[in-house]
file upload-v4.csv (CSV, C-alpha atoms)
chain,number,residue,atom,x,y,z
A,24,MET,CA,-9.6,5.0,14.2
A,25,SER,CA,-11.1,8.1,12.4
A,26,VAL,CA,-14.8,8.8,12.6
A,27,VAL,CA,-15.1,8.3,8.8
A,28,ARG,CA,-13.5,4.9,9.0
A,29,CYS,CA,-15.7,3.9,11.9
A,30,LEU,CA,-18.8,4.9,9.9
A,31,VAL,CA,-17.7,3.0,6.8
A,32,ALA,CA,-17.7,-0.1,9.0
A,33,LEU,CA,-21.2,0.7,10.4
A,34,PHE,CA,-22.8,-2.5,9.3
A,35,VAL,CA,-19.8,-4.8,9.8
A,36,VAL,CA,-20.5,-7.4,12.5
A,37,CYS,CA,-17.7,-7.9,15.0
A,38,VAL,CA,-17.5,-11.4,16.4
A,39,ALA,CA,-15.0,-10.7,19.2
A,40,LEU,CA,-16.5,-11.0,22.7
A,41,PRO,CA,-15.4,-8.8,25.6
A,42,ALA,CA,-12.7,-10.3,27.8
A,43,ALA,CA,-13.8,-12.1,30.9
A,44,HIS,CA,-14.5,-9.8,33.9
A,45,ALA,CA,-13.7,-6.7,31.7
A,46,ARG,CA,-15.9,-3.7,32.3
A,47,PRO,CA,-18.4,-3.6,29.4
A,48,LYS,CA,-18.0,-0.8,27.0
A,49,PRO,CA,-20.3,2.2,27.1
A,50,ALA,CA,-23.8,1.9,25.6
A,51,PHE,CA,-26.5,4.6,25.3
A,52,LEU,CA,-29.9,3.6,26.5
A,53,LEU,CA,-32.5,3.0,23.7
A,54,ASP,CA,-35.3,4.3,25.9
A,55,SER,CA,-33.2,7.5,26.2
A,56,MET,CA,-32.6,7.9,22.5
A,57,LEU,CA,-36.2,7.3,21.6
A,58,ASP,CA,-37.5,9.7,24.3
A,59,GLN,CA,-34.8,12.4,24.7
A,60,ILE,CA,-33.8,13.2,21.1
A,61,TYR,CA,-36.3,15.6,19.7
A,62,PHE,CA,-37.7,14.9,16.3
A,63,ASP,CA,-40.0,17.4,14.5
A,64,ASP,CA,-42.3,15.4,12.3
A,65,GLU,CA,-43.1,18.4,10.1
A,66,SER,CA,-39.8,20.1,9.4
A,67,GLY,CA,-37.3,17.2,9.6
A,68,LEU,CA,-35.5,18.8,12.6
A,69,ILE,CA,-33.5,16.6,15.0
A,70,ARG,CA,-32.3,18.2,18.3
A,71,PHE,CA,-30.0,16.6,20.8
A,72,SER,CA,-29.7,17.4,24.5
A,73,ASP,CA,-29.3,14.9,27.4
A,74,MET,CA,-28.9,11.2,26.8
A,75,ASN,CA,-28.5,8.4,29.4
A,76,LEU,CA,-25.8,5.8,29.1
A,77,ALA,CA,-24.6,2.6,30.8
A,78,PHE,CA,-21.0,1.8,31.8
A,79,ALA,CA,-20.2,5.4,31.7
A,80,PRO,CA,-16.4,6.1,31.8
A,81,GLU,CA,-15.4,7.0,35.3
A,82,ASP,CA,-12.7,9.6,34.2
A,83,GLY,CA,-15.1,11.6,32.1
A,84,LEU,CA,-16.7,11.3,28.7
A,85,ASN,CA,-15.0,11.6,25.3
A,86,ALA,CA,-18.0,11.2,23.0
A,87,SER,CA,-19.9,12.6,20.1
A,88,VAL,CA,-23.1,11.9,18.3
A,89,VAL,CA,-23.2,11.9,14.5
A,90,VAL,CA,-26.0,11.8,11.9
A,91,VAL,CA,-25.1,9.6,9.0
A,92,ASN,CA,-27.0,9.1,5.7
A,93,ALA,CA,-27.5,5.9,3.7
A,94,GLU,CA,-24.2,6.4,2.0
A,95,ASN,CA,-22.4,6.6,5.3
A,96,THR,CA,-21.7,10.3,4.8
A,97,VAL,CA,-21.6,12.3,8.0
A,98,VAL,CA,-24.4,14.9,7.8
A,99,GLN,CA,-23.6,16.5,11.2
A,100,ARG,CA,-21.6,15.8,14.3
A,101,PHE,CA,-22.0,17.1,17.9
A,102,GLU,CA,-19.8,16.7,20.9
A,103,PHE,CA,-20.7,15.7,24.5
A,104,PHE,CA,-19.4,17.6,27.5
A,105,PRO,CA,-16.9,15.5,29.5
A,106,ASP,CA,-18.8,15.9,32.7
A,107,TYR,CA,-22.1,14.2,33.5
A,108,ARG,CA,-25.2,15.9,34.6
A,109,LEU,CA,-26.3,13.0,36.8
A,110,HIS,CA,-24.5,9.8,37.9
A,111,ASP,CA,-25.7,6.6,39.5
A,112,GLY,CA,-23.3,3.7,39.7
A,113,VAL,CA,-22.4,2.7,36.1
A,114,PHE,CA,-25.2,4.9,34.7
A,115,ALA,CA,-24.9,8.6,33.9
A,116,THR,CA,-26.7,11.4,32.0
A,117,ALA,CA,-24.5,12.8,29.3
A,118,MET,CA,-24.9,16.4,28.0
A,119,VAL,CA,-24.5,17.4,24.3
A,120,ARG,CA,-22.9,20.7,23.7
A,121,GLY,CA,-25.6,22.9,22.3
A,122,PRO,CA,-27.1,24.2,20.2
A,123,ALA,CA,-27.1,20.7,18.7
A,124,GLU,CA,-29.7,20.4,15.9
A,125,VAL,CA,-29.8,19.5,12.2
A,126,THR,CA,-32.7,19.7,9.7
A,127,LEU,CA,-33.0,16.8,7.3
A,128,THR,CA,-34.7,17.5,4.0
A,129,GLU,CA,-33.7,14.5,1.9
A,130,PRO,CA,-36.0,11.5,2.4
A,131,GLY,CA,-34.2,8.3,3.2
A,132,VAL,CA,-32.6,6.1,5.8
A,133,TYR,CA,-30.3,7.7,8.4
A,134,ASN,CA,-28.3,6.4,11.4
A,135,ILE,CA,-27.8,8.4,14.6
A,136,VAL,CA,-24.6,7.0,16.0
A,137,CYS,CA,-23.0,7.7,19.4
A,138,LEU,CA,-19.2,7.3,19.6
A,139,VAL,CA,-17.2,7.0,22.7
A,140,ASP,CA,-13.4,7.3,22.5
A,141,GLY,CA,-13.7,7.1,18.7
A,142,GLU,CA,-15.5,3.8,18.8
A,143,MET,CA,-19.2,3.3,17.9
A,144,ALA,CA,-21.2,2.6,21.0
A,145,THR,CA,-24.9,2.7,20.0
A,146,ARG,CA,-26.9,3.6,16.9
A,147,LEU,CA,-30.5,4.5,16.2
A,148,PRO,CA,-31.7,4.0,12.6
A,149,VAL,CA,-34.5,6.3,11.5
A,150,VAL,CA,-36.3,6.9,8.2
A,151,LEU,CA,-37.3,10.3,7.0
A,152,GLU,CA,-40.4,10.3,4.7
A,153,GLN,CA,-41.7,13.3,2.9
A,154,VAL,CA,-45.5,13.4,3.3
A,155,SER,CA,-46.3,16.7,1.6
A,156,GLU,CA,-44.9,18.3,-1.5
A,157,GLY,CA,-45.8,21.8,-0.4
A,158,ASP,CA,-48.1,22.3,-3.4
A,159,ASP,CA,-51.1,23.4,-1.3
A,160,PRO,CA,-51.4,27.1,-1.9
A,161,PHE,CA,-52.8,27.6,1.6
A,162,ASP,CA,-49.9,25.6,3.2
A,163,PRO,CA,-47.0,25.8,0.7
A,164,VAL,CA,-44.5,24.0,2.9
A,165,LYS,CA,-42.9,20.5,2.4
A,166,LYS,CA,-43.7,18.3,5.4
A,167,TYR,CA,-41.9,15.2,6.7
A,168,GLU,CA,-42.3,12.3,9.1
A,169,PHE,CA,-39.8,10.2,11.0
A,170,PHE,CA,-40.4,6.6,11.7
A,171,GLY,CA,-38.3,3.7,12.9
A,172,LEU,CA,-37.8,1.7,16.2
A,173,TRP,CA,-40.7,3.5,17.9
A,174,ARG,CA,-43.0,1.0,16.2
A,175,THR,CA,-40.7,-2.0,16.8
A,176,TYR,CA,-40.0,-2.0,20.6
A,177,GLY,CA,-41.8,-1.8,23.9
A,178,TYR,CA,-40.8,-2.9,27.4
A,179,LEU,CA,-42.2,-4.2,30.6
A,180,THR,CA,-41.3,-2.9,34.1
A,181,ILE,CA,-42.5,-4.4,37.3
A,182,ASP,CA,-44.5,-2.5,39.9
A,183,GLU,CA,-44.0,-4.1,43.3
A,184,ASN,CA,-46.0,-3.6,46.5
A,185,ASP,CA,-47.5,-5.5,49.4
A,186,ALA,CA,-50.0,-7.1,47.1
A,187,GLY,CA,-47.4,-8.6,44.7
A,188,LYS,CA,-45.6,-7.9,41.5
A,189,PHE,CA,-47.5,-6.4,38.5
A,190,PRO,CA,-46.1,-5.8,35.0
A,191,LYS,CA,-46.7,-2.5,33.2
A,192,LEU,CA,-46.3,-2.0,29.5
A,193,SER,CA,-44.5,1.0,27.9
A,194,PHE,CA,-44.3,1.6,24.2
A,195,TRP,CA,-44.4,4.5,21.7
A,196,ALA,CA,-47.4,5.7,19.8
A,197,GLY,CA,-48.0,8.6,17.4
A,198,GLY,CA,-49.7,10.1,14.5
A,199,ARG,CA,-48.8,7.2,12.2
A,200,ASP,CA,-51.0,5.0,14.4
A,201,LEU,CA,-54.1,7.1,13.8
A,202,ALA,CA,-56.7,6.6,11.2
A,203,GLU,CA,-56.4,9.1,8.3
A,204,GLY,CA,-57.7,12.5,9.3
A,205,GLU,CA,-58.0,11.7,13.0
A,206,GLN,CA,-56.4,13.9,15.6
A,207,SER,CA,-56.4,11.5,18.5
A,208,ASP,CA,-57.7,8.0,19.5
A,209,ARG,CA,-57.6,5.6,22.4
A,210,PHE,CA,-56.2,2.1,22.4
A,211,ARG,CA,-56.7,-1.2,24.2
A,212,VAL,CA,-54.2,-3.9,25.1
A,213,VAL,CA,-55.0,-7.6,25.4
A,214,LEU,CA,-52.6,-10.2,26.8
A,215,LYS,CA,-53.0,-13.7,25.3
A,216,ARG,CA,-51.2,-16.9,26.3
A,217,ASP,CA,-51.2,-19.6,23.7
A,218,GLY,CA,-54.2,-17.8,22.1
A,219,GLU,CA,-56.3,-17.5,25.2
A,220,VAL,CA,-57.0,-14.1,26.8
A,221,VAL,CA,-55.5,-13.8,30.3
A,222,ALA,CA,-55.7,-10.1,30.9
A,223,HIS,CA,-56.4,-6.7,29.2
A,224,SER,CA,-56.3,-3.0,29.9
A,225,ARG,CA,-59.1,-0.9,31.2
A,226,HIS,CA,-61.3,0.6,28.5
A,227,THR,CA,-60.7,4.0,30.0
A,228,GLN,CA,-56.9,3.8,29.5
A,229,GLY,CA,-54.6,4.4,26.5
A,230,HIS,CA,-54.3,7.6,24.4
A,231,ILE,CA,-52.8,8.1,21.0
A,232,ALA,CA,-51.9,11.7,20.1
A,233,LYS,CA,-51.2,13.3,16.7
A,234,GLY,CA,-47.6,14.1,15.9
A,235,HIS,CA,-44.3,12.3,16.6
A,236,TYR,CA,-44.2,9.2,18.7
A,237,LYS,CA,-44.5,9.6,22.5
A,238,ARG,CA,-44.0,7.0,25.1
A,239,VAL,CA,-47.2,5.7,26.7
A,240,GLU,CA,-47.7,3.5,29.8
A,241,ILE,CA,-50.5,1.2,30.5
A,242,THR,CA,-51.5,-1.2,33.3
A,243,ILE,CA,-53.0,-4.5,32.5
A,244,HIS,CA,-55.9,-6.0,34.5
A,245,LYS,CA,-57.7,-9.2,35.0
A,246,PRO,CA,-60.5,-9.8,32.5
A,247,HIS,CA,-63.5,-7.7,33.5
A,248,GLU,CA,-66.7,-6.2,32.1
A,249,GLU,CA,-66.7,-2.5,31.4
A,250,ARG,CA,-69.2,-1.9,34.3
A,251,ASP,CA,-66.6,-3.4,36.7
A,252,VAL,CA,-63.7,-1.3,35.4
A,253,THR,CA,-63.2,0.6,38.7
A,254,ASN,CA,-62.6,-2.5,40.8
A,255,ALA,CA,-60.8,-4.6,38.2
A,256,PRO,CA,-57.6,-6.1,39.8
A,257,ARG,CA,-54.3,-5.7,38.1
A,258,SER,CA,-52.8,-8.7,36.3
A,259,PRO,CA,-50.0,-10.2,38.5
A,260,LEU,CA,-46.6,-11.3,37.2
A,261,SER,CA,-47.7,-14.9,37.5
A,262,ASP,CA,-50.1,-14.3,34.6
A,263,TRP,CA,-47.1,-13.5,32.4
A,264,THR,CA,-44.6,-16.1,33.4
A,265,GLN,CA,-46.4,-19.4,33.0
A,266,ASP,CA,-44.7,-21.4,30.3
A,267,GLY,CA,-46.2,-20.5,26.9
A,268,GLU,CA,-46.2,-18.2,23.9
A,269,TYR,CA,-47.6,-14.7,24.6
A,270,GLU,CA,-49.0,-11.9,22.6
A,271,LEU,CA,-49.7,-8.3,23.7
A,272,LEU,CA,-52.2,-7.0,21.1
A,273,VAL,CA,-52.7,-3.2,20.9
A,274,THR,CA,-55.8,-2.1,19.0
A,275,ARG,CA,-57.3,1.3,18.2
A,276,ASN,CA,-60.6,1.9,19.9
A,277,SER,CA,-62.2,3.7,17.0
A,278,ASP,CA,-62.1,0.8,14.5
A,279,GLY,CA,-60.4,-2.1,16.3
A,280,ARG,CA,-57.4,-2.0,14.0
A,281,LEU,CA,-54.3,-3.8,15.3
A,282,ILE,CA,-51.4,-1.3,15.7
A,283,ARG,CA,-48.9,-3.5,17.6
A,284,ARG,CA,-48.4,-7.2,18.2
A,285,PHE,CA,-45.7,-7.8,20.8
A,286,ARG,CA,-44.6,-11.4,21.2
A,287,PHE,CA,-42.6,-13.0,24.0
A,288,THR,CA,-42.1,-16.5,25.5
A,289,ALA,CA,-42.1,-17.5,29.1
A,290,LYS,CA,-40.2,-20.5,30.3
A,291,ASP,CA,-39.4,-21.9,33.8
A,292,GLY,CA,-41.2,-19.0,35.4
A,293,GLU,CA,-39.4,-16.2,33.6
A,294,ILE,CA,-40.0,-14.1,30.5
A,295,GLU,CA,-37.2,-14.8,28.0
A,296,GLU,CA,-34.9,-11.9,27.2
A,297,LEU,CA,-34.5,-10.7,23.6
A,298,PRO,CA,-31.0,-11.7,22.3
A,299,ASN,CA,-29.9,-8.1,21.8
A,300,THR,CA,-30.5,-7.3,25.5
A,301,LYS,CA,-27.9,-9.7,26.7
A,302,LEU,CA,-24.4,-8.5,27.5
A,303,GLY,CA,-21.9,-9.4,24.9
A,304,TYR,CA,-24.4,-9.2,22.0
A,305,GLU,CA,-22.8,-8.3,18.7
A,306,PRO,CA,-22.8,-6.0,16.9
A,307,ARG,CA,-22.6,-4.1,20.1
A,308,ILE,CA,-24.0,-0.9,18.5
A,309,ASP,CA,-27.3,-2.7,18.5
A,310,TYR,CA,-27.2,-3.9,22.1
A,311,ILE,CA,-30.2,-2.7,24.1
A,312,VAL,CA,-29.5,-2.0,27.7
A,313,PRO,CA,-32.2,-3.7,29.8
A,314,ARG,CA,-32.6,-0.7,32.1
A,315,VAL,CA,-34.8,2.4,32.0
A,316,PRO,CA,-35.0,5.5,34.3
A,317,VAL,CA,-37.5,5.2,37.2
A,318,ARG,CA,-40.3,7.6,36.3
A,319,GLY,CA,-42.0,10.0,38.8
A,320,VAL,CA,-39.2,10.2,41.3
A,321,THR,CA,-36.9,13.1,42.0
A,322,THR,CA,-33.6,11.1,42.0
A,323,PHE,CA,-31.8,9.6,39.0
A,324,ARG,CA,-32.0,5.9,39.3
A,325,LEU,CA,-32.6,3.0,36.9
A,326,GLU,CA,-34.8,-0.1,37.0
A,327,SER,CA,-34.9,-3.3,35.1
A,328,ALA,CA,-36.8,-3.5,31.9
A,329,ILE,CA,-37.9,-6.5,29.8
A,330,TRP,CA,-37.8,-5.4,26.2
A,331,ILE,CA,-40.3,-6.9,23.8
A,332,ARG,CA,-40.6,-6.7,20.0
A,333,SER,CA,-43.6,-6.1,17.8
A,334,ASP,CA,-44.0,-7.8,14.4
call {"tool": "encode", "arguments": {"input": "upload-v4.csv", "output": "structure tokens"}}
result
Amino acid sequence: MSVVRCLVALFVVCVALPAAHARPKPAFLLDSMLDQIYFDDESGLIRFSDMNLAFAPEDGLNASVVVVNAENTVVQRFEFFPDYRLHDGVFATAMVRGPAEVTLTEPGVYNIVCLVDGEMATRLPVVLEQVSEGDDPFDPVKKYEFFGLWRTYGYLTIDENDAGKFPKLSFWAGGRDLAEGEQSDRFRVVLKRDGEVVAHSRHTQGHIAKGHYKRVEITIHKPHEERDVTNAPRSPLSDWTQDGEYELLVTRNSDGRLIRRFRFTAKDGEIEELPNTKLGYEPRIDYIVPRVPVRGVTTFRLESAIWIRSD
């Protein structure tokens, strides 16, 4: 099937499920697409380099990444190298043939679509918004901003040591989360179960920087007073898995404004998965692989991630 025909069918939901015991089809990691594709929030530039994928073809990669506008017109296409930079079981790091960059100047909705063997594997929808007309004589340049799933998703990973298991929250924050005119701010996270506070972050944690979204990590601790922040114990997994409805509320320190409300449910001692993180989810281009790279290590390996969604 041609690339154009594939893209025309971008929003068609396929109901066929993978055959039993068949190897799942390749899927690029959402964490990788949000982190490793470079978006310039002023010029509208998008630059591609390395991207991680799951169920990587064992005999080499035949893949491309295309940028498509709201009319399903291909704006630009770039090919991946057939060889992987890194490999770990069914996971691999794919390399885009560079230079691979495109500058978007027409505001609107775009889809970044990864294709493997001519079939759509994963997409990342983004919106380009023009925020300056360039009519300032001292700065006569049009300026843009990207937004999209950075504000929708976050995930939990589990730190494990002799003291137990402790969830850690990762999400994306950027200039659109700041009050107008501010260059930076801090944020605080509160965990509630059925409306009751069970844990929160330290007051000294959490930073929002101006510019495009960046992934931020934060640990959550047992409720404590600010004077006790140094010795506040971390919130164990058991705080997060008692049956109930949970909210992770992220607020700006400067004015207390809510910038994220992540919701999830725990049942039978486990946090329930989002439907689109389960193998076999359709449309498969919106499947989110429940794995992320292990940070702060010298080897390429993946760990489980529990994806959560903000209102």
call {"tool": "atom_distance", "arguments": {"input": "upload-v4.csv", "atom1": "atom CA of Gly177 of chain A", "atom2": "atom CA of Arg46 of chain A"}}
result
27.3 Å
call {"tool": "closest_atom_pairs", "arguments": {"input": "upload-v4.csv", "of": "segment 203-228 of chain A", "to": "segment 262-284 of chain A", "cutoff": "6 Å", "atoms": "all atoms listed in the file", "output": "CSV"}}
result
residue,atom,partner,partner_atom,distance
A:Arg209,CA,A:Asn276,CA,5.4
A:Phe210,CA,A:Arg275,CA,4.4
A:Arg211,CA,A:Thr274,CA,5.4
A:Val212,CA,A:Val273,CA,4.5
A:Val213,CA,A:Leu272,CA,5.2
A:Leu214,CA,A:Leu271,CA,4.7
A:Lys215,CA,A:Glu270,CA,5.2
A:Arg216,CA,A:Tyr269,CA,4.5
A:Asp217,CA,A:Glu268,CA,5.2
call {"tool": "atom_distance", "arguments": {"input": "upload-v4.csv", "atom1": "atom CA of Glu326 of chain A", "atom2": "atom CA of Ala117 of chain A"}}
result
18.2 Å
call {"tool": "residues_around", "arguments": {"input": "upload-v4.csv", "residues": "Ile181 of chain A", "least_positions_apart": "3", "cutoff": "7 Å", "atoms": "only C-alpha atoms", "output": "list in words"}}
result
Lys188, Phe189, Pro190 and Lys191 of chain A
call {"tool": "closest_residue", "arguments": {"input": "upload-v4.csv", "among": "A:Arg257, A:Tyr133, A:Ala115, A:Tyr304", "to": "Asn184 of chain A", "atoms": "only C-alpha atoms"}}
result
A:Arg257
call {"tool": "residues_around", "arguments": {"input": "upload-v4.csv", "residues": "Val154 of chain A", "least_positions_apart": "2", "cutoff": "12 Å", "atoms": "all atoms listed in the file", "output": "ChimeraX atom specification"}}
result
/A:64-67,128-130,151-152,156-158,164-170,199
call {"tool": "residues_around", "arguments": {"input": "upload-v4.csv", "residues": "Phe103 of chain A", "least_positions_apart": "4", "cutoff": "7 Å", "atoms": "only C-alpha atoms", "output": "JSON, numbers by chain"}}
result
{"A": [86, 87, 117, 118, 119, 120]}
call {"tool": "closest_residue", "arguments": {"input": "upload-v4.csv", "among": "A:Asp182, A:Asp334, A:Asp58, A:Glu219", "to": "Phe285 of chain A", "atoms": "all atoms listed in the file"}}
result
A:Asp334
call {"tool": "closest_residue", "arguments": {"input": "upload-v4.csv", "among": "A:Ser327, A:Ser207, A:Ser72, A:Asn92", "to": "Val136 of chain A", "atoms": "all atoms listed in the file"}}
result
A:Asn92
call {"tool": "atom_distance", "arguments": {"input": "upload-v4.csv", "atom1": "atom CA of Leu109 of chain A", "atom2": "atom CA of Tyr61 of chain A"}}
result
20.0 Å
call {"tool": "axis_aligned_box", "arguments": {"input": "upload-v4.csv", "around": "segment 153-156 of chain A", "padding_each_side": "6 Å", "output": "AutoDock Vina command-line options"}}
result
--center_x -44.0 --center_y 15.8 --center_z 0.9 --size_x 16.6 --size_y 17.0 --size_z 16.8
call {"tool": "closest_residue", "arguments": {"input": "upload-v4.csv", "among": "A:Leu84, A:Ile329, A:Leu68, A:Ala79", "to": "Ile311 of chain A", "atoms": "only C-alpha atoms"}}
result
A:Ile329
call {"tool": "residues_near_point", "arguments": {"input": "upload-v4.csv", "point": "(-13.8, 6.4, 25.3)", "cutoff": "9 Å", "atoms": "only C-alpha atoms", "output": "list in words"}}
result
Lys48, Pro49, Pro80, Gly83, Leu84, Asn85, Ala86, Leu138, Val139, Asp140, Gly141 and Glu142 of chain A
call {"tool": "closest_residue", "arguments": {"input": "upload-v4.csv", "among": "A:Pro313, A:Phe78, A:Val221, A:Ile69", "to": "Ala144 of chain A", "atoms": "all atoms listed in the file"}}
result
A:Phe78
